[in-house]
Structure formats: C-alpha cells, structure tokens
Amino acid sequence: MKVHTKDSQAEITPDFAITLLKEGNTRFVESKKAERDLLEQVRYTASGQYPFATILSCIDSRVSAELVFDQGVGDIFSARVAGNIVNEDLLGSLEFACKIAGTKILVILGHTACGAVKGACDDAKLGNLTTLLHKIKPAVAAVSEPSDSSLRNSKNIDFVNAVARKNVELTIENIRSLSPVLKEMEDNEAIKIIGAMYDIKNGKVTFMD
C-alpha cells in the first residue's frame, strides 16, 4: 500500500476515514494485513506526512493503534496516555493533528480491562499517577450500577469496562469543552470526533456511533 499524499488526504471525508479504520480492524482481526513495504513508506514520507486520522488511546501494550487498525507509516497520528484522558498538552497535540496537519477524524479509543481505569476504581495512589487517575474518577462516579460499594472495584470486570466506556464519552465531552479549535472543526463538519472500544480478548474495535 502506498502512503497518503496531500491530494489523497484531501479527498478523504470524515465518514470515509471511519470506514478506512473499520476495514483495517477487520483485516487485523482476520489476520489479513494489507501488504505494505514499511521502509518504502519511510522513504516516501521523509519529505512530508498526510495522515487521515488521529487516535488518542491508552499506553496499554496490547492496544497499538497502528496495529489494531492495520495502518502503515504516515497513515495516522497516535497519541497515547494511560486511560486515554486529555490535558492541555494532549489537546494541543490533537489540535495540531487536525487543524494543521489535516486529519479528518479524531478517535478516542478506550479498551476493556484498562489498568488505569482499574486504578481509578480502586482509588489507587502512586506519585504522579494519582493526578492522572483523578481525571478518570468522574467516569467512575458516572456509572451508577452496581450501587453496592463492594462491587465497585477492579475485581468486577463488567464495572471496569462500563467505566472505561464512560471515560471515553467524558473525554470527548472534555475535548469539545476545552478545545474551541476542535469543537469548531466538528461543528463545521471538517472532522468527526468519535469514541471506540477495543476488546483485548478478540482484537475487535467497536465504534460508539
């Protein structure tokens, strides 16, 4: 597969960008990865990059956006942080990717059995991690069931996964409220901001559309 050019990037709509990612994940799940010469792509992109998508995902070693969406060099911007949360640095990175570099979709990718979410559910404390997990706490509070406090912890995987999904939704809300740049782009239909969940058991990505 060839790399994206300025012209090919311009022709991609936000909806088509979603389709490209869905097709890539299907290839990943079916072990039918697209044929591409990565070193050739390195050479082609040396003079510039024209990615079509930006993915904000967790640092989890099992959730590499390039792999799970079967993308090559220069295809996507990949921002990673534990718990796929946003702060001003990440927002600036996302604004660059969409407004300056021209990507057509911003995907917030959560995943099942997320360690950061488990830490937030258990009120874990460890150095700077404590501050990061605090950003996930609103998602924990927003999931009302189960109400039994003894079941609202990392041992209840259904609760953890529900919080992970809610955390994706709240991250999207934060992006819209904290980044007028991205909100305006979305309102003008220049980009789409969408959530998705990756299942670590089978490799499937489910978009929250």
# chains A, B, ... in the order shown; residues from 1 in each chain; ligands from 1

$ closest_atom_pairs --of "segment 79-129 of chain A" --to "segment 177-187 of chain A" --cutoff "9 Å" --atoms "only C-alpha atoms" --output "JSON lines"
{"residue": "A:Glu88", "atom": "CA", "partner": "A:Leu178", "partner_atom": "CA", "distance": 8.4}
{"residue": "A:Leu91", "atom": "CA", "partner": "A:Ser179", "partner_atom": "CA", "distance": 6.9}
{"residue": "A:Gly92", "atom": "CA", "partner": "A:Ser179", "partner_atom": "CA", "distance": 8.6}
{"residue": "A:Leu94", "atom": "CA", "partner": "A:Leu182", "partner_atom": "CA", "distance": 8.2}
{"residue": "A:Glu95", "atom": "CA", "partner": "A:Leu182", "partner_atom": "CA", "distance": 6.4}
{"residue": "A:Cys98", "atom": "CA", "partner": "A:Leu182", "partner_atom": "CA", "distance": 7.6}
{"residue": "A:Lys99", "atom": "CA", "partner": "A:Val181", "partner_atom": "CA", "distance": 7.7}

$ closest_atom_pairs --of "segment 44-132 of chain A" --to "segment 12-18 of chain A" --cutoff "10 Å" --atoms "only C-alpha atoms" --output "JSON lines"
{"residue": "A:Phe52", "atom": "CA", "partner": "A:Ala17", "partner_atom": "CA", "distance": 6.5}
{"residue": "A:Ala53", "atom": "CA", "partner": "A:Ala17", "partner_atom": "CA", "distance": 6.7}
{"residue": "A:Thr103", "atom": "CA", "partner": "A:Pro14", "partner_atom": "CA", "distance": 8.6}
{"residue": "A:Lys104", "atom": "CA", "partner": "A:Pro14", "partner_atom": "CA", "distance": 4.9}
{"residue": "A:Ile105", "atom": "CA", "partner": "A:Pro14", "partner_atom": "CA", "distance": 5.5}
{"residue": "A:Leu106", "atom": "CA", "partner": "A:Pro14", "partner_atom": "CA", "distance": 9.0}
{"residue": "A:Val107", "atom": "CA", "partner": "A:Ile18", "partner_atom": "CA", "distance": 8.9}

$ write_last_selection --atoms "all heavy atoms" --output "PDB file, in the first residue's frame"
ATOM      1  N   PHE A  52      -4.608  10.539   7.748  1.00  0.00           N
ATOM      2  CA  PHE A  52      -6.045  10.784   7.600  1.00  0.00           C
ATOM      3  C   PHE A  52      -6.789  10.704   8.923  1.00  0.00           C
ATOM      4  O   PHE A  52      -7.953  11.105   9.011  1.00  0.00           O
ATOM      5  CB  PHE A  52      -6.665   9.796   6.593  1.00  0.00           C
ATOM      6  CG  PHE A  52      -6.751   8.373   7.093  1.00  0.00           C
ATOM      7  CD1 PHE A  52      -7.886   7.919   7.755  1.00  0.00           C
ATOM      8  CD2 PHE A  52      -5.708   7.482   6.891  1.00  0.00           C
ATOM      9  CE1 PHE A  52      -7.976   6.615   8.217  1.00  0.00           C
ATOM     10  CE2 PHE A  52      -5.786   6.175   7.337  1.00  0.00           C
ATOM     11  CZ  PHE A  52      -6.923   5.737   8.010  1.00  0.00           C
ATOM     12  N   ALA A  53      -6.145  10.189   9.977  1.00  0.00           N
ATOM     13  CA  ALA A  53      -6.835  10.003  11.256  1.00  0.00           C
ATOM     14  C   ALA A  53      -5.909  10.297  12.424  1.00  0.00           C
ATOM     15  O   ALA A  53      -4.685  10.148  12.327  1.00  0.00           O
ATOM     16  CB  ALA A  53      -7.368   8.577  11.369  1.00  0.00           C
ATOM     17  N   THR A 103      -5.890  15.894   9.530  1.00  0.00           N
ATOM     18  CA  THR A 103      -6.603  14.626   9.693  1.00  0.00           C
ATOM     19  C   THR A 103      -8.110  14.858   9.749  1.00  0.00           C
ATOM     20  O   THR A 103      -8.572  15.927  10.161  1.00  0.00           O
ATOM     21  CB  THR A 103      -6.147  13.865  10.954  1.00  0.00           C
ATOM     22  OG1 THR A 103      -6.399  14.664  12.115  1.00  0.00           O
ATOM     23  CG2 THR A 103      -4.671  13.525  10.874  1.00  0.00           C
ATOM     24  N   LYS A 104      -8.872  13.863   9.362  1.00  0.00           N
ATOM     25  CA  LYS A 104     -10.316  14.021   9.180  1.00  0.00           C
ATOM     26  C   LYS A 104     -11.160  13.440  10.303  1.00  0.00           C
ATOM     27  O   LYS A 104     -12.366  13.648  10.353  1.00  0.00           O
ATOM     28  CB  LYS A 104     -10.732  13.360   7.860  1.00  0.00           C
ATOM     29  CG  LYS A 104      -9.993  13.889   6.642  1.00  0.00           C
ATOM     30  CD  LYS A 104     -10.116  15.404   6.513  1.00  0.00           C
ATOM     31  CE  LYS A 104      -9.345  15.931   5.313  1.00  0.00           C
ATOM     32  NZ  LYS A 104      -9.891  15.497   4.024  1.00  0.00           N
ATOM     33  N   ILE A 105     -10.511  12.698  11.182  1.00  0.00           N
ATOM     34  CA  ILE A 105     -11.264  12.082  12.267  1.00  0.00           C
ATOM     35  C   ILE A 105     -10.391  12.024  13.517  1.00  0.00           C
ATOM     36  O   ILE A 105      -9.170  11.844  13.433  1.00  0.00           O
ATOM     37  CB  ILE A 105     -11.746  10.667  11.877  1.00  0.00           C
ATOM     38  CG1 ILE A 105     -12.620  10.060  12.983  1.00  0.00           C
ATOM     39  CG2 ILE A 105     -10.577   9.761  11.547  1.00  0.00           C
ATOM     40  CD1 ILE A 105     -13.259   8.750  12.586  1.00  0.00           C
ATOM     41  N   LEU A 106     -11.045  12.223  14.659  1.00  0.00           N
ATOM     42  CA  LEU A 106     -10.373  12.104  15.952  1.00  0.00           C
ATOM     43  C   LEU A 106     -11.077  11.002  16.729  1.00  0.00           C
ATOM     44  O   LEU A 106     -12.254  11.136  17.071  1.00  0.00           O
ATOM     45  CB  LEU A 106     -10.434  13.428  16.714  1.00  0.00           C
ATOM     46  CG  LEU A 106      -9.975  13.428  18.176  1.00  0.00           C
ATOM     47  CD1 LEU A 106      -8.578  12.848  18.320  1.00  0.00           C
ATOM     48  CD2 LEU A 106     -10.037  14.840  18.752  1.00  0.00           C
ATOM     49  N   VAL A 107     -10.367   9.902  16.943  1.00  0.00           N
ATOM     50  CA  VAL A 107     -10.937   8.749  17.639  1.00  0.00           C
ATOM     51  C   VAL A 107     -10.368   8.667  19.048  1.00  0.00           C
ATOM     52  O   VAL A 107      -9.149   8.681  19.234  1.00  0.00           O
ATOM     53  CB  VAL A 107     -10.625   7.437  16.889  1.00  0.00           C
ATOM     54  CG1 VAL A 107     -11.230   6.241  17.643  1.00  0.00           C
ATOM     55  CG2 VAL A 107     -11.153   7.483  15.464  1.00  0.00           C
TER      56      VAL A 107
END

$ residues_around --residues "segment 155-164 of chain A" --least-positions-apart "5" --cutoff "12 Å" --atoms "only C-alpha atoms" --output "ChimeraX atom specification"
/A:57-58,82-85,108-122,136-150,169-171,195-200

$ closest_residue --among "A:Val86, A:Ile191, A:Leu132, A:Ala124" --to "Ser154 of chain A" --atoms "only C-alpha atoms"
A:Ala124

$ select_by_dssp --residues "segment 7-146 of chain A" --states "alpha helix (DSSP H)" --output "PyMOL selection string"
chain A and resi 7-11+14-29+38-45+65-68+88-95+115-121+129-134+137-142

$ closest_residue --among "A:Glu30, A:Thr19, A:Arg43, A:Lys135" --to "Asn167 of chain A" --atoms "only C-alpha atoms"
A:Lys135

$ atom_distance --atom1 "atom CA of Ser31 of chain A" --atom2 "atom CA of Asn202 of chain A"
11.6 Å

$ select_by_dssp --residues "segment 38-164 of chain A" --states "strand (DSSP E or B)" --output "ChimeraX atom specification"
/A:53-57,76-80,105-111

$ closest_atom_pairs --of "segment 41-146 of chain A" --to "segment 4-10 of chain A" --cutoff "10 Å" --atoms "only C-alpha atoms" --output "tab-separated table"
residue	atom	partner	partner_atom	distance
A:Gln41	CA	A:His4	CA	9.5
A:Tyr44	CA	A:His4	CA	9.3
A:Thr45	CA	A:His4	CA	8.7
A:Gly48	CA	A:Thr5	CA	8.6
A:Gln49	CA	A:Thr5	CA	7.5
A:Tyr50	CA	A:His4	CA	5.7
A:Pro51	CA	A:His4	CA	6.7
A:Phe52	CA	A:Gln9	CA	5.9
A:Ala53	CA	A:Gln9	CA	9.6
A:Gly72	CA	A:His4	CA	9.9
A:Val73	CA	A:His4	CA	9.5
A:Gly74	CA	A:His4	CA	7.2
A:Asp75	CA	A:His4	CA	6.7
A:Ile76	CA	A:His4	CA	9.9
A:Ala101	CA	A:Lys6	CA	9.8
A:Gly102	CA	A:Gln9	CA	7.6
A:Thr103	CA	A:Gln9	CA	7.7
A:Lys104	CA	A:Gln9	CA	8.4

$ closest_residue --among "A:His134, A:Asp60, A:Asp209, A:Asp70" --to "Lys192 of chain A" --atoms "only C-alpha atoms"
A:Asp209

$ atom_distance --atom1 "atom CA of Thr131 of chain A" --atom2 "atom CA of Ser78 of chain A"
22.6 Å
